[in-house]
There are 2 protein chains.
Amino acid sequence: MTTRVGIRDVAKAAGVSVTTVSHAMNDATSFRVKAETQQLVRDVARDLGYAPNKMASGLRNQRSQILGLVSDEITTTPFAGAMIRGAQDAAYDRGYVVMVVNSGLDSELENREINMLRQHQVDGVVYARMYHQSVQVPAELEGLPTVLLDSVTDDKSISSVIPDEVGAAETAVEAIIQAGHTRIGMINNIDDIPATHGRREGFLNALRRHGLQHDPRHLVIGQPETTGGREAALGLLGQPDRPTALFCFSDRVAMGAYQAATALGLRIPEDVSIVGIDNLEIIADALWPGLTTVALPHYEMGSWAVHRILDDIENPGAPAVQTQLDCPLIERGSLGPPPR
Amino acid sequence: MTTRVGIRDVAKAAGVSVTTVSHAMNDATSFRVKAETQQLVRDVARDLGYAPNKMASGLRNQRSQILGLVSDEITTTPFAGAMIRGAQDAAYDRGYVVMVVNSGLDSELENREINMLRQHQVDGVVYARMYHQSVQVPAELEGLPTVLLDSVTDDKSISSVIPDEVGAAETAVEAIIQAGHTRIGMINNIDDIPATHGRREGFLNALRRHGLQHDPRHLVIGQPETTGGREAALGLLGQPDRPTALFCFSDRVAMGAYQAATALGLRIPEDVSIVGIDNLEIIADALWPGLTTVALPHYEMGSWAVHRILDDIENPGAPAVQTQLDCPLIERGSLGPPPR
DNA sequence: CACCAGATACAAAACGTTTTGCAAAGGGAA
DNA sequence: TTCCCTTTGCAAAACGTTTTGTATCTGGTG
């Protein structure tokens with residue numbers, strides 16, 4: 001490995017002082033160097049392949065240009081990837097870079113990892129959860145610019161971004177209603193989490209808005225996986241006055257509903273329409289027919305969080321903001337008119 | 001934000017010099033400090049919440065304790081998450097931290113991102129692909145310790161880790177044969193990539209080893225997604241002397257095979273057994289019955305790559321090694337004895 | 001008692017930048 | 001010509017560590 005080229009190498013090669021090189025490179029202060037000299041220096045720098053050492057400049061500036069991203073789980077769904085990419089793209093656009101750290105559910109480990117981030121002098125951290133939930137921000141983050149991703153906390157002084165759960169459900173159910181359905185079932189999550197309540201509320205809102213009767217037997221709950229969806233849908237679709245459309249808590253639940261429909265000899269969407277939430281492409285695209293669903297804005301949330309944190313860093317003191325991002329409908333083939 | 005506590009604060013509080021504090025903290029050199037003093041210093045450091053500034057120590061040591069991870073795609077499957085987590089866990093265990101960067105297919109962007117990593121003085125980089133493939137290592141990585149993850153290159157001086165494709169297929173097909181099948185079909189990928197050839201080879205190896213006839217009509221190819229699997233399986237299972245078991249290129253292809261079986265009124269595994277590759281849990285667990293499949297060791301590859309790179313950094317000059325990692329069989333419910 | 005070795009602690013230099021304060025050069029006005 | 005201002009360039013300090021070379025102390029030995 002050839003030894004790295006530093007600022008003094010450039011200075012020597014260009015026949016100027018390191019000060020001048022520094023000024024020439026960081027054009028914020030370029031009024032201290034003649035345009036001509038600046039060009040010369042930059043050319044030399046490029047030819048030499050000079051790239052400033054961020055550890056040195058960070059040390060001097062007390063700014064690392066590094067953001068930390070701490071997440072709980074990362075392996076089971078592609079959502080984490082989308083969030084990370086959103087965060088990383090935004091960071092890159094603004095000259096930052098992202099350190100990813102994840103700790104499963106081990107909060108002891110999480111604290112130690114946050115500590116490592118601190119040692120690396122990260123300028124801020126995005127504290128992310130894989131599923132929208134309410135969290136306690138670890139004390140280790142005290143004093144570091146922090147924004148919550150896919151989670152909220154009681155402390156209103158911390159910015160956060162989450163999906164608009166209510167709106168997402170409304171979007172889905174509106175679409176179902178537009179297609180002509182009046183008997184609409186919902187398979188909700190059994191867990192007591194924000195998504196459960198928000199989506200239920202959105203479901204009921206949409207029904208009410210259109211003056212549709214809500215049959216409580218058509219709103220059931222189950223484990224938020226495929227098996228739970230299958231069992232719930234089996235019950236729902238087995239009834240004589242079965243719903244003609246099912247709004248499912250998630251795409252995995254919807255996949256269970258597909259299985260139930262198939263088992264009962266019901267065609268999708270001719271006999272029953274199904275709509276999910278998540279836009280988990282690996283499932284939604286793979287189902288047959290494709291699953292119409294509402295996308296959760298993971299990429300956008302990652303991007304939003306990073307922009308928020310950088311705004312905060314560059315311009316401290318702005319008030320915290322709690323955001324909800326829109327969830328668009330993604331149409332595939334599982335929503336059609338009700339059977340006559 | 002209270003101003004960070006530095007080594008001189010600790011020194012002052014403990015009534016010793018910064019040198020002594022440094023020696024007391026880094027116990028490699030602890031023979032230069034009395035055990036008692038060391039304890040005192042450490043206690044004081046803990047009480048003050050002192051955490052050494054890695055930018056400063058990195059600058060001094062010419063070692064950032066940061067690893068770069070550059071990947072192509074990250075959002076579509078959970079594989080990326082598994083790799084990243086494997087890498088990050090391994091890094092954490094050895095006191096390192098991972099900077100993630102990803103660029104889609106834009107190699108121009110990739111180069112600029114690698115450049116950012118260089119500026120941050122990463123000690124090495126893991127160059128990862130999401131699907132096993134043959135790559136050209138970008139010139140930007142020149143001179144940086146690099147290992148290839150889920151990819152290989154012609155340059156044998158670069159270490160790499162990939163799944164044992166041949167072995168994976170052999171494992172799957174052996175299991176099928178053990179279950180009693182003799183007419184075994186395979187739905188392979190149409191793309192000309194290493195996985196395609198390796199899995200085909202493993203399939204044929206296993207058949208040959210057991211003296212089983214290979215009917216060329218039972219080895220078909222298709223797009224490596226669910227739709228491709230469905231169409232291929234429809235053809236395969238529609239034949240009068242249909243195979244009693246299907247070995248699928250991937251879990252998504254296997255999902256298509258499920259759909260085809262269902263459409264043809266075939267039960268799994270009573271009428272036809274299906275085995276995949278990937279252990280894409282979100283699908284394999286969700287299918288009904290669960291999909292028996294061979295796991296691709298994404299987590300392990302991430303971990304292996306990081307350990308390799310750190311070995312290389314700590315002990316330079318060791319020869320490069322190209323590794324293949326084992327792929328274990330994950331049994332769920334889609335493999336049974338052949339119908340009589 | 002004098003000397004020495006070993007144990008322990010410290011001061012200072014170095015890592016590669018940025019930035020401040022100052023100096024030199026150039027040019028216009030008196 | 002002299003003076004002063006503006007433009008351009010430089011030397012040096014600082015960021016927070018680690019490490020080297022040296023100084024001091026202690027106690028044991030001749």
# chains A, B, ... in the order shown; residues from 1 in each chain; ligands from 1
>>> closest_atom_pairs(of="chain A", to="chain B", cutoff="7 Å", atoms="only C-alpha atoms", output="tab-separated table")
residue	atom	partner	partner_atom	distance
A:Met1	CA	B:Gly143	CA	4.9
A:Ala51	CA	B:Gln119	CA	6.0
A:Pro52	CA	B:Gln119	CA	6.0
A:Asn53	CA	B:Gln119	CA	5.1
A:Lys54	CA	B:His120	CA	5.1
A:Met55	CA	B:Met55	CA	5.2
A:Ala56	CA	B:Leu59	CA	6.3
A:Leu59	CA	B:Met55	CA	6.0
A:Ile74	CA	B:Gly81	CA	5.2
A:Thr75	CA	B:Gly81	CA	4.6
A:Thr76	CA	B:Pro78	CA	5.9
A:Thr77	CA	B:Pro78	CA	4.9
A:Pro78	CA	B:Pro78	CA	4.2
A:Ala80	CA	B:Gly81	CA	6.8
A:Gly81	CA	B:Thr75	CA	4.6
A:Ala82	CA	B:Thr75	CA	4.7
A:Gln88	CA	B:Val101	CA	6.7
A:Val98	CA	B:Met99	CA	5.7
A:Met99	CA	B:Met99	CA	4.4
A:Val100	CA	B:Val98	CA	6.2
A:Val101	CA	B:Gln88	CA	6.7
A:Gln119	CA	B:Asn53	CA	5.1
A:His120	CA	B:Lys54	CA	5.1
A:Gln121	CA	B:Asn53	CA	6.9
A:Gly143	CA	B:Met1	CA	5.0
A:Thr226	CA	B:Ala286	CA	5.3
A:Ala286	CA	B:Thr226	CA	5.3
>>> write_last_selection(atoms="C-alpha atoms", output="PDB file, in the first residue's frame")
ATOM      1  CA  MET A   1       0.000   0.000   0.000  1.00  0.00           C
ATOM      2  CA  ALA A  51      -8.421  13.210  -0.830  1.00  0.00           C
ATOM      3  CA  PRO A  52      -8.535  15.058   2.466  1.00  0.00           C
ATOM      4  CA  ASN A  53      -8.320  12.950   5.578  1.00  0.00           C
ATOM      5  CA  LYS A  54     -11.655  13.278   7.320  1.00  0.00           C
ATOM      6  CA  MET A  55     -10.261  12.088  10.592  1.00  0.00           C
ATOM      7  CA  ALA A  56      -7.912  14.999  10.636  1.00  0.00           C
ATOM      8  CA  LEU A  59     -10.730  16.415  14.621  1.00  0.00           C
ATOM      9  CA  ILE A  74     -32.595  -5.957  10.362  1.00  0.00           C
ATOM     10  CA  THR A  75     -32.625  -9.451   8.987  1.00  0.00           C
ATOM     11  CA  THR A  76     -36.194 -10.605   8.683  1.00  0.00           C
ATOM     12  CA  THR A  77     -37.746  -8.181   6.246  1.00  0.00           C
ATOM     13  CA  PRO A  78     -36.446  -6.008   3.458  1.00  0.00           C
ATOM     14  CA  ALA A  80     -34.573  -2.398   7.092  1.00  0.00           C
ATOM     15  CA  GLY A  81     -32.753  -2.290   3.800  1.00  0.00           C
ATOM     16  CA  ALA A  82     -35.143   0.300   2.460  1.00  0.00           C
ATOM     17  CA  GLN A  88     -27.724   6.559   3.225  1.00  0.00           C
ATOM     18  CA  VAL A  98     -23.783   6.396   7.793  1.00  0.00           C
ATOM     19  CA  MET A  99     -22.562   3.972  10.413  1.00  0.00           C
ATOM     20  CA  VAL A 100     -25.012   1.171  10.939  1.00  0.00           C
ATOM     21  CA  VAL A 101     -25.302  -0.626  14.193  1.00  0.00           C
ATOM     22  CA  GLN A 119     -16.471   7.443  20.394  1.00  0.00           C
ATOM     23  CA  HIS A 120     -16.429   7.826  16.657  1.00  0.00           C
ATOM     24  CA  GLN A 121     -17.894  11.274  17.239  1.00  0.00           C
ATOM     25  CA  GLY A 143     -26.929  15.322  24.191  1.00  0.00           C
ATOM     26  CA  THR A 226     -49.517 -15.710   7.344  1.00  0.00           C
ATOM     27  CA  ALA A 286     -45.379 -13.154  -5.990  1.00  0.00           C
TER      28      ALA A 286
END
>>> residues_around(residues="DA29 in chain C", least_positions_apart="4", cutoff="12 Å", atoms="only C-alpha atoms (C1' of nucleotides)", output="count of residues only")
4
>>> closest_residue(among="A:Ala295, A:Thr182, A:Ala257, A:Asn61", to="DC15 in chain D", atoms="only C-alpha atoms (C1' of nucleotides)")
A:Asn61
>>> residues_around(residues="DA12 in chain C", least_positions_apart="3", cutoff="12 Å", atoms="only C-alpha atoms (C1' of nucleotides)", output="ChimeraX atom specification")
/B:18-19 /D:18-22
>>> write_last_selection(atoms="N, CA and C atoms (P, O5', C5', C4', C3', O3' and C1' of nucleotides)", output="CSV table (one decimal), in the first residue's frame")
chain,number,residue,atom,x,y,z
B,18,VAL,N,-1.6,13.0,31.4
B,18,VAL,CA,-2.4,12.4,30.4
B,18,VAL,C,-1.7,11.1,29.9
B,19,THR,N,-0.4,11.1,29.9
B,19,THR,CA,0.3,9.9,29.5
B,19,THR,C,-0.1,8.7,30.4
D,18,DT,P,-5.2,6.8,23.3
D,18,DT,O5',-3.8,6.9,22.5
D,18,DT,C5',-3.7,6.4,21.2
D,18,DT,C4',-2.3,6.4,20.7
D,18,DT,C3',-1.3,5.5,21.5
D,18,DT,O3',-0.5,4.8,20.5
D,18,DT,C1',-0.5,7.7,21.6
D,19,DT,P,0.4,3.6,20.9
D,19,DT,O5',1.8,4.2,21.0
D,19,DT,C5',2.3,4.9,19.9
D,19,DT,C4',3.6,5.6,20.3
D,19,DT,C3',4.6,4.8,21.2
D,19,DT,O3',5.9,5.0,20.7
D,19,DT,C1',4.2,6.8,22.2
D,20,DT,P,7.0,3.8,20.8
D,20,DT,O5',8.3,4.7,20.7
D,20,DT,C5',8.3,5.9,20.0
D,20,DT,C4',9.1,6.9,20.7
D,20,DT,C3',10.3,6.4,21.5
D,20,DT,O3',11.5,7.1,21.2
D,20,DT,C1',9.0,7.7,22.9
D,21,DG,P,12.9,6.5,21.5
D,21,DG,O5',13.6,7.6,22.4
D,21,DG,C5',13.2,9.0,22.1
D,21,DG,C4',13.3,9.7,23.4
D,21,DG,C3',14.5,9.3,24.3
D,21,DG,O3',15.2,10.5,24.7
D,21,DG,C1',12.5,9.3,25.6
D,22,DT,P,16.6,10.4,25.6
D,22,DT,O5',16.1,10.9,27.0
D,22,DT,C5',15.5,12.1,27.1
D,22,DT,C4',14.8,12.2,28.5
D,22,DT,C3',15.7,12.0,29.7
D,22,DT,O3',15.6,13.2,30.5
D,22,DT,C1',13.7,10.8,30.0
>>> closest_residue(among="B:Leu148, B:Leu207, B:Ala169, B:Ile184", to="Pro243 in chain B", atoms="only C-alpha atoms")
B:Ile184
>>> atom_distance(atom1="CA of Pro328 in chain A", atom2="CA of Val294 in chain A")
5.6 Å
>>> select_by_dssp(residues="range 67-240 of chain B", states="alpha helix (DSSP H)", output="number ranges by chain")
B: 79-93, 107-119, 165-178, 194-209, 226-238
>>> write_last_selection(atoms="C-alpha atoms", output="compact mmCIF listing (two decimals), in the first residue's frame")
# COMPACT_ATOMS: atom_id res chain seq x y z
CA PHE B 79 -30.55 -10.90 2.37
CA ALA B 80 -28.79 -7.59 2.52
CA GLY B 81 -29.89 -7.16 6.08
CA ALA B 82 -28.55 -10.55 7.01
CA MET B 83 -25.19 -9.83 5.42
CA ILE B 84 -24.93 -6.44 7.02
CA ARG B 85 -25.82 -7.81 10.38
CA GLY B 86 -23.31 -10.63 10.07
CA ALA B 87 -20.67 -8.11 9.14
CA GLN B 88 -21.63 -5.71 11.84
CA ASP B 89 -21.74 -8.32 14.58
CA ALA B 90 -18.31 -9.60 13.66
CA ALA B 91 -16.95 -6.08 13.48
CA TYR B 92 -18.39 -5.20 16.85
CA ASP B 93 -16.82 -8.25 18.43
CA SER B 107 -20.85 2.55 -10.85
CA GLU B 108 -20.06 6.23 -11.12
CA LEU B 109 -21.84 6.77 -7.83
CA GLU B 110 -20.19 3.70 -6.42
CA ASN B 111 -16.79 5.14 -7.11
CA ARG B 112 -17.61 8.38 -5.42
CA GLU B 113 -18.92 6.50 -2.43
CA ILE B 114 -15.81 4.40 -2.19
CA ASN B 115 -13.92 7.62 -2.30
CA MET B 116 -15.85 8.89 0.68
CA LEU B 117 -14.98 5.73 2.53
CA ARG B 118 -11.35 6.33 1.73
CA GLN B 119 -11.54 9.86 3.03
CA GLU B 165 -23.81 -23.69 -4.79
CA VAL B 166 -23.02 -27.22 -5.87
CA GLY B 167 -23.18 -28.48 -2.32
CA ALA B 168 -26.43 -26.66 -1.67
CA ALA B 169 -28.10 -28.36 -4.60
CA GLU B 170 -26.65 -31.71 -3.60
CA THR B 171 -28.01 -31.28 -0.10
CA ALA B 172 -31.46 -30.52 -1.42
CA VAL B 173 -31.52 -33.35 -3.91
CA GLU B 174 -30.01 -35.84 -1.49
CA ALA B 175 -32.85 -35.07 0.90
CA ILE B 176 -35.36 -35.62 -1.86
CA ILE B 177 -33.76 -38.92 -2.78
CA GLN B 178 -33.65 -39.99 0.86
CA PRO B 194 -22.73 -19.00 -11.22
CA ALA B 195 -25.70 -20.10 -9.13
CA THR B 196 -27.43 -21.47 -12.19
CA HIS B 197 -24.53 -23.65 -13.21
CA GLY B 198 -23.58 -24.71 -9.70
CA ARG B 199 -27.04 -25.81 -8.74
CA ARG B 200 -27.51 -27.67 -11.98
CA GLU B 201 -24.26 -29.46 -11.39
CA GLY B 202 -25.23 -30.36 -7.83
CA PHE B 203 -28.56 -31.66 -9.03
CA LEU B 204 -26.93 -33.90 -11.61
CA ASN B 205 -24.24 -35.02 -9.17
CA ALA B 206 -26.77 -36.23 -6.67
CA LEU B 207 -28.79 -38.10 -9.27
CA ARG B 208 -25.70 -39.74 -10.67
CA ARG B 209 -24.41 -40.70 -7.27
CA THR B 226 -42.58 -16.69 -8.83
CA THR B 227 -44.20 -16.30 -12.21
CA GLY B 228 -41.40 -18.15 -13.92
CA GLY B 229 -41.65 -20.92 -11.35
CA ARG B 230 -45.36 -21.16 -11.77
CA GLU B 231 -45.17 -21.48 -15.53
CA ALA B 232 -42.35 -23.97 -15.45
CA ALA B 233 -44.06 -26.07 -12.80
CA LEU B 234 -47.30 -25.99 -14.71
CA GLY B 235 -45.48 -27.57 -17.62
CA LEU B 236 -43.58 -30.05 -15.50
CA LEU B 237 -46.49 -31.19 -13.39
CA GLY B 238 -48.90 -31.31 -16.27
>>> interface_residues(of="chain C", to="chain A", cutoff="8 Å", atoms="only C-alpha atoms (C1' of nucleotides)", output="list in words")
DG16, DT17 and DT18 of chain C
>>> closest_atom_pairs(of="chain D", to="chain A", cutoff="12 Å", atoms="only C-alpha atoms (C1' of nucleotides)", output="CSV")
residue,atom,partner,partner_atom,distance
D:DT6,C1',A:Arg32,CA,11.5
D:DT7,C1',A:Arg32,CA,8.2
D:DT8,C1',A:Val33,CA,6.2
D:DG9,C1',A:Thr20,CA,7.1
D:DC10,C1',A:Ser17,CA,6.5
D:DA11,C1',A:Thr19,CA,9.3
D:DA12,C1',A:Thr19,CA,10.9
D:DA13,C1',A:Arg60,CA,11.4
D:DA14,C1',A:Arg60,CA,7.4
D:DC15,C1',A:Arg60,CA,4.3
D:DG16,C1',A:Leu59,CA,7.7
D:DT17,C1',A:Leu59,CA,10.3
>>> atom_distance(atom1="CA of Leu219 in chain A", atom2="CA of Ile274 in chain A")
14.2 Å
